[in-house]
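Report on one structure; see the data block that follows.
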Amino acid sequence: MIVTTILKVIWMVAAVGLTALVLLHSPKGDGLGGLGGQAQLFTSTKSAETTLNRVTWTLTVLFMGLTVVLSAGWLDAAATTPAL
(Lines give C-alpha, C1' and ligand atoms only; values in the text may rest on other atoms or scores of the structure.)
Protein backbone atom coordinates (compact mmCIF):
# COMPACT_ATOMS: atom_id res chain seq x y z
CA MET A 1 0.00 0.00 0.00
CA ILE A 2 2.85 2.39 0.84
CA VAL A 3 4.61 1.60 -2.46
CA THR A 4 1.44 2.44 -4.40
CA THR A 5 1.14 5.77 -2.60
CA ILE A 6 4.78 6.66 -3.29
CA LEU A 7 4.39 5.76 -6.97
CA LYS A 8 1.23 7.86 -7.20
CA VAL A 9 3.08 10.86 -5.76
CA ILE A 10 5.94 10.36 -8.26
CA TRP A 11 3.33 9.99 -11.03
CA MET A 12 1.69 13.29 -10.07
CA VAL A 13 5.04 15.11 -9.87
CA ALA A 14 5.95 13.74 -13.30
CA ALA A 15 2.62 14.94 -14.70
CA VAL A 16 3.07 18.48 -13.36
CA GLY A 17 6.71 18.58 -14.45
CA LEU A 18 5.83 17.30 -17.91
CA THR A 19 3.17 19.97 -18.28
CA ALA A 20 5.60 22.70 -17.28
CA LEU A 21 8.33 21.43 -19.60
CA VAL A 22 6.02 21.21 -22.59
CA LEU A 23 5.02 24.82 -21.99
CA LEU A 24 8.69 25.86 -21.80
CA HIS A 25 9.52 24.47 -25.25
CA SER A 26 10.05 27.00 -27.97
CA PRO A 27 7.63 26.84 -30.86
CA LYS A 28 8.99 24.97 -33.87
CA GLY A 29 7.17 27.01 -36.51
CA ASP A 30 8.21 30.50 -37.47
CA GLY A 31 4.70 31.83 -37.68
CA LEU A 32 4.43 35.36 -39.00
CA GLY A 33 8.00 36.12 -37.91
CA GLY A 34 9.34 34.01 -40.77
CA LEU A 35 7.86 36.36 -43.35
CA GLY A 36 10.22 39.23 -42.59
CA GLY A 37 13.31 37.11 -42.07
CA GLN A 38 13.47 37.85 -38.36
CA ALA A 39 12.90 34.30 -37.15
CA GLN A 40 16.63 33.85 -36.38
CA LEU A 41 16.78 36.73 -33.90
CA PHE A 42 15.06 34.95 -31.03
CA THR A 43 16.33 31.38 -31.24
CA SER A 44 17.46 29.68 -28.04
CA THR A 45 20.81 28.00 -27.57
CA LYS A 46 21.08 24.49 -28.92
CA SER A 47 22.30 22.92 -25.66
CA ALA A 48 19.41 24.31 -23.65
CA GLU A 49 16.93 22.93 -26.16
CA THR A 50 18.65 19.53 -26.18
CA THR A 51 18.61 19.33 -22.39
CA LEU A 52 14.96 20.37 -22.30
CA ASN A 53 14.13 17.66 -24.84
CA ARG A 54 15.97 14.98 -22.86
CA VAL A 55 14.26 15.87 -19.58
CA THR A 56 10.88 16.02 -21.31
CA TRP A 57 11.35 12.57 -22.87
CA THR A 58 12.55 11.14 -19.55
CA LEU A 59 9.48 12.45 -17.73
CA THR A 60 7.25 11.19 -20.55
CA VAL A 61 8.62 7.65 -20.26
CA LEU A 62 8.35 7.78 -16.46
CA PHE A 63 4.78 9.08 -16.61
CA MET A 64 3.64 6.52 -19.18
CA GLY A 65 5.35 3.64 -17.39
CA LEU A 66 3.80 4.56 -14.05
CA THR A 67 0.42 5.00 -15.75
CA VAL A 68 0.56 1.42 -17.02
CA VAL A 69 1.74 -0.01 -13.69
CA LEU A 70 -0.79 1.89 -11.58
CA SER A 71 -3.75 1.33 -13.90
CA ALA A 72 -3.09 -2.39 -14.34
CA GLY A 73 -3.26 -2.95 -10.60
CA TRP A 74 -0.18 -5.15 -10.55
CA LEU A 75 1.01 -3.76 -7.24
CA ASP A 76 -2.34 -4.34 -5.54
CA ALA A 77 -2.47 -7.90 -6.86
CA ALA A 78 1.02 -8.61 -5.55
CA ALA A 79 0.12 -7.27 -2.12
CA THR A 80 -2.95 -9.52 -1.77
CA THR A 81 -1.32 -12.72 -3.09
CA PRO A 82 -0.24 -14.96 -0.19
CA ALA A 83 3.42 -15.88 -0.04
CA LEU A 84 4.20 -19.56 -0.52
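Lettering and numbering for the C-alpha coordinates are positional, with chains as A, B, ... in the shown order, residues counted from 1 in each chain, and ligands counted from 1 in the shown order.
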Next on the checklist: Excluding Ile2 of chain A and its own-chain neighbours fewer than 6 positions away, which residues fall within 12 Å of it when counting only C-alpha atoms? Please give them as a PyMOL selection string.
Outcome noted: chain A and resi 8-9+75-76+79
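For the residues A:Leu18, A:Val3, A:Val13, A:Ala77, ranking by smallest atom-to-atom distance to Thr60 of chain A using only C-alpha atoms places A:Leu18 first.
Closest approach to Ile10 of chain A from the set A:Leu70, A:Val55, A:Thr50, A:Leu23 is made by A:Leu70, with distances taken over only C-alpha atoms.
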Item to check | Coordinates-based distance that separates atom CA of Thr80 of chain A from atom CA of Gly65 of chain A (Å, one decimal) | outcome: 22.0 Å
Checklist entry - Hey, what's within 12 Å of Glu49 of chain A if we count only C-alpha atoms and toss same-chain stuff fewer than 6 positions away? As a PyMOL selection string, please? => result chain A and resi 21-22+24-28+43+55-56
Restricted to N, CA and C atoms, what would the selected residues look like written as a tab-separated table (two decimals), in the first residue's frame?
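Final output, part.tsv:
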```tsv
chain	number	residue	atom	x	y	z
A	21	LEU	N	7.28	21.52	-18.59
A	21	LEU	CA	8.33	21.43	-19.60
A	21	LEU	C	7.79	21.58	-21.02
A	22	VAL	N	6.61	21.05	-21.26
A	22	VAL	CA	6.02	21.21	-22.59
A	22	VAL	C	5.72	22.69	-22.85
A	24	LEU	N	7.42	25.14	-21.67
A	24	LEU	CA	8.69	25.86	-21.80
A	24	LEU	C	9.34	25.69	-23.17
A	25	HIS	N	8.93	24.69	-23.92
A	25	HIS	CA	9.52	24.47	-25.25
A	25	HIS	C	9.25	25.65	-26.16
A	26	SER	N	10.24	25.94	-26.98
A	26	SER	CA	10.05	27.00	-27.97
A	26	SER	C	9.23	26.47	-29.13
A	27	PRO	N	8.43	27.32	-29.73
A	27	PRO	CA	7.63	26.84	-30.86
A	27	PRO	C	8.52	26.49	-32.05
A	28	LYS	N	8.16	25.44	-32.75
A	28	LYS	CA	8.99	24.97	-33.87
A	28	LYS	C	8.72	25.77	-35.15
A	43	THR	N	16.13	32.82	-31.45
A	43	THR	CA	16.33	31.38	-31.24
A	43	THR	C	17.08	31.14	-29.94
A	55	VAL	N	15.03	15.92	-20.83
A	55	VAL	CA	14.26	15.87	-19.58
A	55	VAL	C	12.79	15.62	-19.88
A	56	THR	N	12.28	16.23	-20.94
A	56	THR	CA	10.88	16.02	-21.31
A	56	THR	C	10.63	14.57	-21.69
```
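The space separating atom CA of Ala15 of chain A from atom CA of Thr58 of chain A comes to 11.7 Å.
Here atom CA of Phe63 of chain A is placed at a distance of 8.4 Å from atom CA of Met12 of chain A.
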